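A short write-up of the structure that comes next.
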Number of protein chains: 2
Amino acid sequence: MNLSDVVLSCRVRLARNIDGFSFPSKADKTQTEALTQKIVDAASEFGDLRHIKMADLQMNERQHFVEKHLASRELIVSDSSSLLVNDAENISVMICEEDHLRIQSILPSLDLQKADEMSSAVDNVFSQSLKYAWSQKLGYLTACPTNLGTGMRASAMLHLTGLLIAKQTDSLFRQIQKLGIAVRGFYGEGSAALGGIFQLSNQFTLGASEDDIITSLDRILRRIAEQEMSIRTLLYQKNKTEMEDVIGRSLGICRHCKRLSYNEFMQHISNIKLGISLGIITFIPMQTVDDLLVQCQTASLVSRIGNPIDKNSENIARAEYLQKNLFDTEKNA
Amino acid sequence: MNLSDVVLSCRVRLARNIDGFSFPSKADKTQTEALTQKIVDAASEFGDLRHIKMADLQMNERQHFVEKHLASRELIVSDSSSLLVNDAENISVMICEEDHLRIQSILPSLDLQKADEMSSAVDNVFSQSLKYAWSQKLGYLTACPTNLGTGMRASAMLHLTGLLIAKQTDSLFRQIQKLGIAVRGFYGEGSAALGGIFQLSNQFTLGASEDDIITSLDRILRRIAEQEMSIRTLLYQKNKTEMEDVIGRSLGICRHCKRLSYNEFMQHISNIKLGISLGIITFIPMQTVDDLLVQCQTASLVSRIGNPIDKNSENIARAEYLQKNLFDTEKNA
């Protein structure tokens, strides 16, 4: 079992605001447009960043960025907000979400140092031409006081299905909250932890250096991932048939169903991920499943089909796409 | 879709008693042994009939005959009863169940005339050396008055899953009960209709000739089977995806589960049978599934393993046997 079996991705996000401009919630259209232009101009120094205005997109196309974790659900509902995204889609800058800038980089598995370097590289480019709102005492000034200071939120998406089966998540989450770790669902604040996937992040941004935040979070996340891996092994040793049965049934349903709701998909794909990590399923690469976690989201399916569809058609499309991608590999194996 | 997709098997059973002997419930051990010997001697004229004493068998071995529909659940609980069975296992004679003799023949699909001929052939052999209890007024005398007269019960096992899905079985059964048809579960009186499989038989044995009973039952069963086939086609036309989804999920679970309870098995195998009849599943021959209906019963599984097993091991053995037999065919396809 590898760390990447448990840690799907990690992210470092920096909240920044530009001196002399109102926070987005207080700004009018003219101000927002002027600021956006300023930011886009500054970004051109970085090179590989495409500017995407929410106003130019259908809601489904906006949603697609949320599913890829490149934008927040808050960003896409505003017609005056926009997004900068690099080609590799591992760097994005949200413009005029809650703050003027939310610079973020996302990497597979757990590599917060690298993600921090990537975000900082973008931050450095912006800081050359934009004057950040910053105070000697408080650090970076942000719309919400919880982001004051470093303005940094580092997070990772962990698949804690073993701990969930063993009913150990509640006590674990109580413990780590005391260590300053916030626990959220698959799409951040207020979203459900479907399929046992949780987002863990630093709760405090003030009073610690960026390095301290990264180092401390990395250490805690590695410990949790190790706990998860141990409990998986233990559960499998103790309940071999039961685990293989549950995982097998999920595999069977994914293989032969004709429609699959999103919630059901998350439940079964979580079991399949568990099965791969335990070596119960050998013919599906973990990367395929991790890609499907994004590709089988609603907006991703719709964008592939190219026109709005009802729930039933979406569920049919999900089953078809899943089968094509999960079991084509098997034929080659 | 064929008649045999809906009618699994048919059976003609003749109840006979020997003049001068008490009914089994009133007979002592010596009487029963003397009578049994008389019957076994008479049977030797027929040739191919093996005599099996319940007292010589473990309960599981006895149960195996029930699962093959060669013995009733009532027969096997009595240590003084026994069974004659031919090699093809389509003729059996229960000795000292409720009556002295219960001669029965079982054939696949719907061929009551042929089953009647087979039972009658055995009956004729017995009647040459045994004096049946018979009255001019009442016909064959039987322990229970419901079997008086012809002593004949003709029945068939019908898979009425389409009518069940369309919620039409209740009204159908009310109608056919008025026509003198009794409806029972998979193992006769008092058993559940698992997987939508029902046993339909003539309710009356007195006041009609053997030919009339067979002809009338045959006509009604054919009509019901046609109704079932029509409703399946209609359901599939109207709810294509839903039907394919339900059938696919059953197929997927049967294919990849690691343990399967008997009730679950019956539910999924019923869906698979439906899928084959509708051409949704093409790689599994219907005969394979019909054989599995017997082979995946508890006692059959146990007899194959050779020693008593707990429920969990039984469910594991069921899943393994099912997968070996359902999906080996696929590889060859």
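The chains in the structure tokens are called A, B, ... from first to last as shown; in each chain the residues are counted from 1, and the ligands are counted from 1 in the order shown.
Any residue of chain B with an atom no more than 6 Å from chain A counts as a contact; using only C-alpha atoms, that gives B:Asp245, B:Gly248, B:Arg249, B:Gly252, B:Ile253, B:His256, B:Cys257, B:Lys258.
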Since we have the selection now, will you write its residues out, keeping all heavy atoms, as a short mmCIF file (atom, residue, chain, number, x, y, z; two decimals), in the first residue's frame?
```cif
data_model
loop_
_atom_site.label_atom_id
_atom_site.label_comp_id
_atom_site.auth_asym_id
_atom_site.auth_seq_id
_atom_site.Cartn_x
_atom_site.Cartn_y
_atom_site.Cartn_z
N ASP B 245 -30.66 -2.42 -15.90
CA ASP B 245 -29.90 -2.04 -14.70
C ASP B 245 -30.09 -3.06 -13.59
O ASP B 245 -29.12 -3.54 -13.00
CB ASP B 245 -30.36 -0.65 -14.24
CG ASP B 245 -29.54 -0.12 -13.08
OD1 ASP B 245 -28.30 -0.10 -13.21
OD2 ASP B 245 -30.11 0.28 -12.06
N GLY B 248 -28.49 -6.29 -14.67
CA GLY B 248 -27.04 -6.12 -14.68
C GLY B 248 -26.46 -6.14 -13.28
O GLY B 248 -25.41 -6.75 -13.03
N ARG B 249 -27.13 -5.46 -12.36
CA ARG B 249 -26.62 -5.44 -10.98
C ARG B 249 -26.63 -6.84 -10.37
O ARG B 249 -25.69 -7.21 -9.66
CB ARG B 249 -27.47 -4.49 -10.12
CG ARG B 249 -27.12 -3.04 -10.37
CD ARG B 249 -28.16 -2.09 -9.82
NE ARG B 249 -27.85 -0.74 -10.20
CZ ARG B 249 -27.39 0.19 -9.37
NH1 ARG B 249 -27.23 -0.08 -8.10
NH2 ARG B 249 -27.10 1.40 -9.80
N GLY B 252 -23.77 -8.63 -11.86
CA GLY B 252 -22.52 -8.12 -11.29
C GLY B 252 -22.26 -8.64 -9.89
O GLY B 252 -21.13 -9.01 -9.55
N ILE B 253 -23.31 -8.68 -9.09
CA ILE B 253 -23.17 -9.18 -7.71
C ILE B 253 -22.84 -10.67 -7.74
O ILE B 253 -21.93 -11.13 -7.05
CB ILE B 253 -24.43 -8.86 -6.88
CG1 ILE B 253 -24.48 -7.36 -6.58
CG2 ILE B 253 -24.46 -9.68 -5.58
CD1 ILE B 253 -25.76 -6.86 -5.98
N HIS B 256 -19.10 -11.13 -8.74
CA HIS B 256 -17.97 -10.65 -7.93
C HIS B 256 -18.16 -10.75 -6.43
O HIS B 256 -17.24 -10.37 -5.69
CB HIS B 256 -17.65 -9.20 -8.30
CG HIS B 256 -17.05 -9.04 -9.67
ND1 HIS B 256 -15.76 -9.42 -9.95
CD2 HIS B 256 -17.56 -8.56 -10.84
CE1 HIS B 256 -15.50 -9.17 -11.24
NE2 HIS B 256 -16.58 -8.65 -11.79
N CYS B 257 -19.32 -11.20 -5.95
CA CYS B 257 -19.47 -11.30 -4.50
C CYS B 257 -18.62 -12.45 -3.98
O CYS B 257 -18.14 -13.28 -4.75
CB CYS B 257 -20.94 -11.52 -4.12
SG CYS B 257 -21.55 -13.15 -4.54
N LYS B 258 -18.42 -12.49 -2.68
CA LYS B 258 -17.63 -13.58 -2.09
C LYS B 258 -18.49 -14.47 -1.21
O LYS B 258 -18.01 -15.49 -0.72
CB LYS B 258 -16.48 -13.00 -1.26
CG LYS B 258 -15.40 -12.36 -2.11
CD LYS B 258 -14.65 -13.38 -2.94
CE LYS B 258 -13.89 -12.71 -4.07
NZ LYS B 258 -13.26 -13.69 -4.97
#
```
With all Cα atoms paired residue by residue, do a least-squares superposition of chain A on chain B and hand back the transformed coordinates as a CSV table (one decimal) with C-alpha atoms, in the first residue's frame.
```csv
chain,number,residue,atom,x,y,z
A,1,MET,CA,-38.7,-16.2,-25.4
A,2,ASN,CA,-39.6,-19.9,-25.0
A,3,LEU,CA,-42.1,-21.6,-22.8
A,4,SER,CA,-39.2,-23.3,-21.0
A,5,ASP,CA,-38.0,-19.8,-20.0
A,6,VAL,CA,-41.1,-19.5,-17.8
A,7,VAL,CA,-42.1,-23.1,-17.0
A,8,LEU,CA,-39.1,-24.6,-15.1
A,9,SER,CA,-40.6,-28.1,-14.6
A,10,CYS,CA,-43.8,-30.0,-14.4
A,11,ARG,CA,-44.8,-33.0,-12.3
A,12,VAL,CA,-47.6,-35.6,-12.0
A,13,ARG,CA,-48.0,-37.3,-8.7
A,14,LEU,CA,-50.3,-40.2,-7.9
A,15,ALA,CA,-51.3,-41.0,-4.3
A,16,ARG,CA,-52.0,-44.7,-3.7
A,17,ASN,CA,-52.6,-46.9,-0.7
A,18,ILE,CA,-52.5,-50.6,-0.2
A,19,ASP,CA,-55.6,-52.4,0.8
A,20,GLY,CA,-55.4,-54.1,4.3
A,21,PHE,CA,-52.7,-51.8,5.6
A,22,SER,CA,-53.2,-48.8,8.0
A,23,PHE,CA,-52.4,-45.4,6.7
A,24,PRO,CA,-48.7,-44.5,7.6
A,25,SER,CA,-49.7,-42.2,10.4
A,26,LYS,CA,-51.5,-45.1,12.1
A,27,ALA,CA,-49.0,-47.9,11.3
A,28,ASP,CA,-46.4,-49.3,13.7
A,29,LYS,CA,-42.9,-50.1,12.7
A,30,THR,CA,-43.5,-53.7,11.9
A,31,GLN,CA,-46.4,-52.9,9.7
A,32,THR,CA,-44.4,-50.2,7.9
A,33,GLU,CA,-41.5,-52.5,7.3
A,34,ALA,CA,-43.6,-55.3,6.0
A,35,LEU,CA,-45.4,-52.9,3.7
A,36,THR,CA,-42.2,-51.2,2.5
A,37,GLN,CA,-40.8,-54.6,1.6
A,38,LYS,CA,-43.9,-55.5,-0.4
A,39,ILE,CA,-43.6,-52.2,-2.3
A,40,VAL,CA,-39.9,-52.6,-3.0
A,41,ASP,CA,-40.5,-56.1,-4.3
A,42,ALA,CA,-43.3,-54.8,-6.5
A,43,ALA,CA,-41.0,-52.1,-7.8
A,44,SER,CA,-38.3,-54.5,-8.8
A,45,GLU,CA,-40.6,-55.4,-11.8
A,46,PHE,CA,-40.0,-51.8,-13.0
A,47,GLY,CA,-36.3,-52.3,-13.0
A,48,ASP,CA,-34.5,-49.0,-12.7
A,49,LEU,CA,-35.6,-47.9,-9.2
A,50,ARG,CA,-33.1,-47.5,-6.4
A,51,HIS,CA,-34.4,-47.9,-2.8
A,52,ILE,CA,-33.2,-45.3,-0.3
A,53,LYS,CA,-34.2,-45.5,3.4
A,54,MET,CA,-34.3,-42.2,5.2
A,55,ALA,CA,-33.0,-43.9,8.3
A,56,ASP,CA,-29.7,-44.6,6.5
A,57,LEU,CA,-29.1,-41.0,5.6
A,58,GLN,CA,-27.9,-37.9,7.4
A,59,MET,CA,-30.5,-35.1,7.5
A,60,ASN,CA,-28.5,-33.1,4.9
A,61,GLU,CA,-28.5,-36.1,2.5
A,62,ARG,CA,-32.3,-36.3,2.9
A,63,GLN,CA,-32.7,-32.6,2.3
A,64,HIS,CA,-30.8,-33.0,-1.0
A,65,PHE,CA,-33.8,-35.0,-2.3
A,66,VAL,CA,-36.1,-32.3,-1.3
A,67,GLU,CA,-34.0,-29.7,-3.2
A,68,LYS,CA,-34.2,-31.9,-6.3
A,69,HIS,CA,-38.0,-32.1,-5.8
A,70,LEU,CA,-37.7,-35.9,-5.5
A,71,ALA,CA,-39.0,-36.0,-1.9
A,72,SER,CA,-41.3,-33.8,0.2
A,73,ARG,CA,-40.2,-32.1,3.4
A,74,GLU,CA,-42.7,-34.3,5.2
A,75,LEU,CA,-41.1,-37.5,3.9
A,76,ILE,CA,-37.6,-36.8,5.1
A,77,VAL,CA,-38.4,-36.1,8.7
A,78,SER,CA,-39.7,-39.7,9.2
A,79,ASP,CA,-37.1,-42.4,9.9
A,80,SER,CA,-39.5,-45.1,8.8
A,81,SER,CA,-40.1,-43.6,5.3
A,82,SER,CA,-38.1,-44.4,2.2
A,83,LEU,CA,-37.8,-43.4,-1.4
A,84,LEU,CA,-37.5,-45.1,-4.8
A,85,VAL,CA,-35.6,-43.1,-7.4
A,86,ASN,CA,-34.7,-43.9,-11.0
A,87,ASP,CA,-31.2,-43.1,-12.4
A,88,ALA,CA,-32.4,-40.2,-14.5
A,89,GLU,CA,-34.0,-38.8,-11.3
A,90,ASN,CA,-37.2,-38.0,-13.1
A,91,ILE,CA,-39.2,-40.7,-11.3
A,92,SER,CA,-39.5,-41.1,-7.6
A,93,VAL,CA,-41.8,-43.0,-5.3
A,94,MET,CA,-42.2,-41.8,-1.8
A,95,ILE,CA,-43.0,-44.7,0.5
A,96,CYS,CA,-45.0,-44.1,3.7
A,97,GLU,CA,-45.2,-40.4,3.5
A,98,GLU,CA,-48.8,-39.3,4.1
A,99,ASP,CA,-50.0,-42.2,1.8
A,100,HIS,CA,-48.4,-45.6,1.3
A,101,LEU,CA,-47.3,-44.5,-2.2
A,102,ARG,CA,-46.7,-41.2,-3.8
A,103,ILE,CA,-45.6,-41.9,-7.4
A,104,GLN,CA,-44.3,-38.9,-9.2
A,105,SER,CA,-42.5,-38.0,-12.3
A,106,ILE,CA,-40.9,-34.7,-13.1
A,107,LEU,CA,-40.0,-33.2,-16.5
A,108,PRO,CA,-38.4,-30.0,-17.5
A,109,SER,CA,-40.7,-27.3,-19.0
A,110,LEU,CA,-44.3,-28.1,-19.6
A,111,ASP,CA,-45.2,-31.6,-20.7
A,112,LEU,CA,-47.8,-32.9,-18.3
A,113,GLN,CA,-49.0,-35.6,-20.7
A,114,LYS,CA,-45.6,-37.2,-20.8
A,115,ALA,CA,-45.2,-36.8,-17.0
A,116,ASP,CA,-48.6,-38.5,-16.6
A,117,GLU,CA,-47.6,-41.4,-18.9
A,118,MET,CA,-44.4,-41.9,-16.8
A,119,SER,CA,-46.2,-41.9,-13.5
A,120,SER,CA,-48.9,-44.2,-14.9
A,121,ALA,CA,-46.3,-46.6,-16.1
A,122,VAL,CA,-45.0,-47.0,-12.6
A,123,ASP,CA,-48.6,-47.1,-11.3
A,124,ASN,CA,-49.4,-49.9,-13.7
A,125,VAL,CA,-46.4,-52.0,-12.5
A,126,PHE,CA,-47.4,-51.6,-8.8
A,127,SER,CA,-51.1,-52.3,-9.6
A,128,GLN,CA,-50.1,-55.7,-11.0
A,129,SER,CA,-48.8,-57.0,-7.6
A,130,LEU,CA,-50.3,-54.7,-5.0
A,131,LYS,CA,-54.0,-54.4,-4.3
A,132,TYR,CA,-54.8,-50.7,-4.1
A,133,ALA,CA,-57.4,-49.3,-1.7
A,134,TRP,CA,-60.1,-48.2,-4.1
A,135,SER,CA,-63.8,-47.7,-3.9
A,136,GLN,CA,-66.3,-47.7,-6.8
A,137,LYS,CA,-67.8,-44.5,-5.4
A,138,LEU,CA,-64.7,-42.5,-4.3
A,139,GLY,CA,-62.0,-43.9,-6.5
A,140,TYR,CA,-58.5,-44.2,-4.9
A,141,LEU,CA,-58.7,-43.9,-1.1
A,142,THR,CA,-56.1,-41.5,0.4
A,143,ALA,CA,-55.1,-40.4,3.9
A,144,CYS,CA,-56.3,-36.9,3.2
A,145,PRO,CA,-59.7,-36.4,1.6
A,146,THR,CA,-58.3,-33.7,-0.7
A,147,ASN,CA,-56.5,-36.5,-2.6
A,148,LEU,CA,-59.5,-38.8,-2.9
A,149,GLY,CA,-60.6,-39.9,-6.4
A,150,THR,CA,-57.9,-39.8,-9.0
A,151,GLY,CA,-55.2,-39.3,-6.3
A,152,MET,CA,-53.6,-37.2,-8.9
A,153,ARG,CA,-51.9,-33.9,-8.4
A,154,ALA,CA,-50.4,-32.3,-11.5
A,155,SER,CA,-48.3,-29.3,-11.0
A,156,ALA,CA,-45.7,-27.0,-12.7
A,157,MET,CA,-43.1,-24.6,-11.4
A,158,LEU,CA,-43.5,-21.2,-13.1
A,159,HIS,CA,-41.1,-18.3,-13.0
A,160,LEU,CA,-43.6,-15.4,-12.8
A,161,THR,CA,-41.2,-12.6,-12.2
A,162,GLY,CA,-42.7,-10.3,-14.8
A,163,LEU,CA,-46.1,-10.6,-13.4
A,164,LEU,CA,-44.6,-10.1,-9.9
A,165,ILE,CA,-42.8,-6.9,-11.1
A,166,ALA,CA,-46.0,-5.7,-12.7
A,167,LYS,CA,-47.9,-6.5,-9.4
A,168,GLN,CA,-50.3,-8.7,-11.3
A,169,THR,CA,-49.7,-12.0,-9.4
A,170,ASP,CA,-52.3,-11.4,-6.7
A,171,SER,CA,-55.2,-10.8,-9.1
A,172,LEU,CA,-54.0,-13.6,-11.3
A,173,PHE,CA,-53.9,-16.0,-8.4
A,174,ARG,CA,-57.3,-15.0,-7.2
A,175,GLN,CA,-58.7,-15.7,-10.7
A,176,ILE,CA,-57.0,-19.1,-11.1
A,177,GLN,CA,-58.0,-20.3,-7.6
A,178,LYS,CA,-61.6,-19.9,-8.8
A,179,LEU,CA,-60.6,-22.3,-11.7
A,180,GLY,CA,-59.4,-24.9,-9.1
A,181,ILE,CA,-55.7,-24.1,-9.3
A,182,ALA,CA,-53.7,-24.0,-6.0
A,183,VAL,CA,-50.6,-21.7,-5.8
A,184,ARG,CA,-47.7,-22.6,-3.6
A,185,GLY,CA,-44.0,-21.6,-3.2
A,186,PHE,CA,-40.9,-23.2,-4.5
A,187,TYR,CA,-41.1,-26.2,-2.2
A,188,GLY,CA,-44.8,-26.8,-2.2
A,189,GLU,CA,-47.3,-26.1,0.5
A,190,GLY,CA,-46.3,-23.5,3.1
A,191,SER,CA,-43.0,-22.5,1.4
A,192,ALA,CA,-42.2,-19.1,0.1
A,193,ALA,CA,-42.2,-18.1,-3.6
A,194,LEU,CA,-38.6,-17.1,-3.6
A,195,GLY,CA,-37.3,-15.5,-6.8
A,196,GLY,CA,-40.8,-15.3,-8.2
A,197,ILE,CA,-41.0,-19.1,-8.7
A,198,PHE,CA,-44.5,-20.5,-7.9
A,199,GLN,CA,-45.9,-24.0,-7.9
A,200,LEU,CA,-49.3,-24.2,-9.6
A,201,SER,CA,-51.4,-27.4,-9.3
A,202,ASN,CA,-54.9,-28.8,-9.5
A,203,GLN,CA,-56.8,-28.3,-6.3
A,204,PHE,CA,-59.4,-31.1,-6.8
A,205,THR,CA,-58.8,-34.7,-7.5
A,206,LEU,CA,-62.3,-36.0,-7.2
A,207,GLY,CA,-65.0,-35.7,-9.8
A,208,ALA,CA,-62.8,-35.3,-12.9
A,209,SER,CA,-60.9,-37.9,-14.9
A,210,GLU,CA,-57.1,-37.9,-15.0
A,211,ASP,CA,-57.2,-36.7,-18.6
A,212,ASP,CA,-59.5,-33.9,-17.8
A,213,ILE,CA,-57.3,-32.7,-15.0
A,214,ILE,CA,-54.2,-32.8,-17.2
A,215,THR,CA,-55.8,-31.1,-20.1
A,216,SER,CA,-57.4,-28.4,-18.1
A,217,LEU,CA,-54.3,-27.6,-16.1
A,218,ASP,CA,-52.1,-27.6,-19.2
A,219,ARG,CA,-54.4,-25.2,-20.9
A,220,ILE,CA,-54.4,-22.8,-18.0
A,221,LEU,CA,-50.7,-23.0,-17.4
A,222,ARG,CA,-49.9,-22.2,-21.1
A,223,ARG,CA,-52.2,-19.2,-20.9
A,224,ILE,CA,-50.4,-17.9,-17.7
A,225,ALA,CA,-47.0,-18.6,-19.3
A,226,GLU,CA,-48.1,-16.6,-22.3
A,227,GLN,CA,-49.2,-13.7,-20.1
A,228,GLU,CA,-45.9,-13.8,-18.3
A,229,MET,CA,-44.0,-13.7,-21.6
A,230,SER,CA,-46.1,-10.8,-22.9
A,231,ILE,CA,-45.6,-8.8,-19.7
A,232,ARG,CA,-41.9,-9.4,-19.8
A,233,THR,CA,-41.7,-8.0,-23.3
A,234,LEU,CA,-43.9,-5.1,-22.4
A,235,LEU,CA,-42.0,-4.2,-19.2
A,236,TYR,CA,-38.7,-4.3,-21.1
A,237,GLN,CA,-40.1,-2.1,-23.9
A,238,LYS,CA,-41.4,0.4,-21.4
A,239,ASN,CA,-38.5,0.4,-18.9
A,240,LYS,CA,-35.5,-0.8,-20.9
A,241,THR,CA,-32.8,0.9,-18.8
A,242,GLU,CA,-34.4,0.1,-15.5
A,243,MET,CA,-34.7,-3.6,-16.4
A,244,GLU,CA,-31.2,-3.8,-17.8
A,245,ASP,CA,-29.9,-2.1,-14.7
A,246,VAL,CA,-31.6,-4.4,-12.2
A,247,ILE,CA,-30.6,-7.5,-14.2
A,248,GLY,CA,-27.0,-6.1,-14.7
A,249,ARG,CA,-26.6,-5.5,-11.0
A,250,SER,CA,-27.7,-9.0,-10.1
A,251,LEU,CA,-25.3,-10.3,-12.7
A,252,GLY,CA,-22.5,-8.1,-11.3
A,253,ILE,CA,-23.2,-9.2,-7.7
A,254,CYS,CA,-23.3,-12.9,-8.6
A,255,ARG,CA,-20.0,-12.4,-10.6
A,256,HIS,CA,-18.0,-10.6,-7.9
A,257,CYS,CA,-19.5,-11.3,-4.5
A,258,LYS,CA,-17.6,-13.6,-2.1
A,259,ARG,CA,-20.7,-14.9,-0.2
A,260,LEU,CA,-24.3,-15.2,-1.0
A,261,SER,CA,-27.2,-16.1,1.2
A,262,TYR,CA,-29.9,-18.5,-0.2
A,263,ASN,CA,-32.6,-15.8,-0.4
A,264,GLU,CA,-30.3,-13.3,-2.1
A,265,PHE,CA,-29.2,-16.0,-4.5
A,266,MET,CA,-32.8,-16.7,-5.5
A,267,GLN,CA,-33.5,-13.0,-6.0
A,268,HIS,CA,-30.4,-12.6,-8.3
A,269,ILE,CA,-30.8,-15.8,-10.2
A,270,SER,CA,-34.4,-14.9,-10.9
A,271,ASN,CA,-33.2,-11.6,-12.4
A,272,ILE,CA,-30.6,-13.4,-14.4
A,273,LYS,CA,-33.2,-15.9,-15.7
A,274,LEU,CA,-35.3,-12.9,-16.7
A,275,GLY,CA,-32.3,-11.3,-18.4
A,276,ILE,CA,-31.6,-14.4,-20.4
A,277,SER,CA,-35.2,-14.8,-21.5
A,278,LEU,CA,-35.2,-11.2,-22.7
A,279,GLY,CA,-31.9,-11.6,-24.6
A,280,ILE,CA,-30.2,-9.0,-22.2
A,281,ILE,CA,-27.8,-11.7,-21.1
A,282,THR,CA,-26.6,-13.9,-24.0
A,283,PHE,CA,-23.6,-15.7,-22.7
A,284,ILE,CA,-25.3,-17.9,-20.1
A,285,PRO,CA,-27.5,-20.8,-21.3
A,286,MET,CA,-30.8,-21.0,-19.4
A,287,GLN,CA,-30.2,-24.6,-18.6
A,288,THR,CA,-27.1,-23.6,-16.6
A,289,VAL,CA,-29.2,-21.3,-14.5
A,290,ASP,CA,-31.9,-23.9,-14.0
A,291,ASP,CA,-29.3,-26.4,-12.9
A,292,LEU,CA,-27.9,-23.9,-10.5
A,293,LEU,CA,-31.3,-23.4,-9.0
A,294,VAL,CA,-30.9,-26.9,-7.6
A,295,GLN,CA,-27.2,-27.0,-7.2
A,296,CYS,CA,-27.0,-23.8,-5.1
A,297,GLN,CA,-29.5,-25.0,-2.5
A,298,THR,CA,-28.1,-25.6,0.9
A,299,ALA,CA,-28.0,-29.4,1.0
A,300,SER,CA,-26.7,-29.7,-2.5
A,301,LEU,CA,-23.8,-27.4,-1.6
A,302,VAL,CA,-23.1,-29.3,1.6
A,303,SER,CA,-23.2,-32.6,-0.2
A,304,ARG,CA,-20.7,-31.3,-2.7
A,305,ILE,CA,-18.3,-30.2,0.1
A,306,GLY,CA,-18.9,-33.4,1.9
A,307,ASN,CA,-19.2,-32.2,5.5
A,308,PRO,CA,-21.6,-30.0,7.6
A,309,ILE,CA,-20.8,-26.3,7.3
A,310,ASP,CA,-22.0,-23.2,9.0
A,311,LYS,CA,-24.1,-20.6,7.3
A,312,ASN,CA,-21.1,-18.3,6.5
A,313,SER,CA,-19.2,-21.2,4.8
A,314,GLU,CA,-22.3,-22.2,3.0
A,315,ASN,CA,-22.7,-18.7,1.6
A,316,ILE,CA,-19.1,-18.6,0.5
A,317,ALA,CA,-19.4,-22.0,-1.1
A,318,ARG,CA,-22.6,-20.8,-2.9
A,319,ALA,CA,-20.8,-17.7,-4.3
A,320,GLU,CA,-17.8,-19.9,-5.5
A,321,TYR,CA,-19.9,-22.5,-7.1
A,322,LEU,CA,-22.1,-20.0,-8.8
A,323,GLN,CA,-19.2,-18.1,-10.2
A,324,LYS,CA,-17.5,-21.2,-11.5
A,325,ASN,CA,-20.6,-22.3,-13.3
A,326,LEU,CA,-22.0,-19.0,-14.5
A,327,PHE,CA,-18.9,-17.4,-15.8
A,328,ASP,CA,-16.8,-20.3,-17.0
A,329,THR,CA,-19.3,-20.4,-19.9
A,330,GLU,CA,-18.5,-16.8,-20.6
A,331,LYS,CA,-14.8,-17.4,-21.1
A,332,ASN,CA,-15.7,-20.0,-23.7
A,333,ALA,CA,-18.1,-17.7,-25.4
```
- [ ] Please identify which residues in stretch 200-272 of chain A DSSP calls alpha helix (DSSP H) from the backbone, and express them as a PyMOL selection string.
- [x] chain A and resi 210-238+240-256+262-272
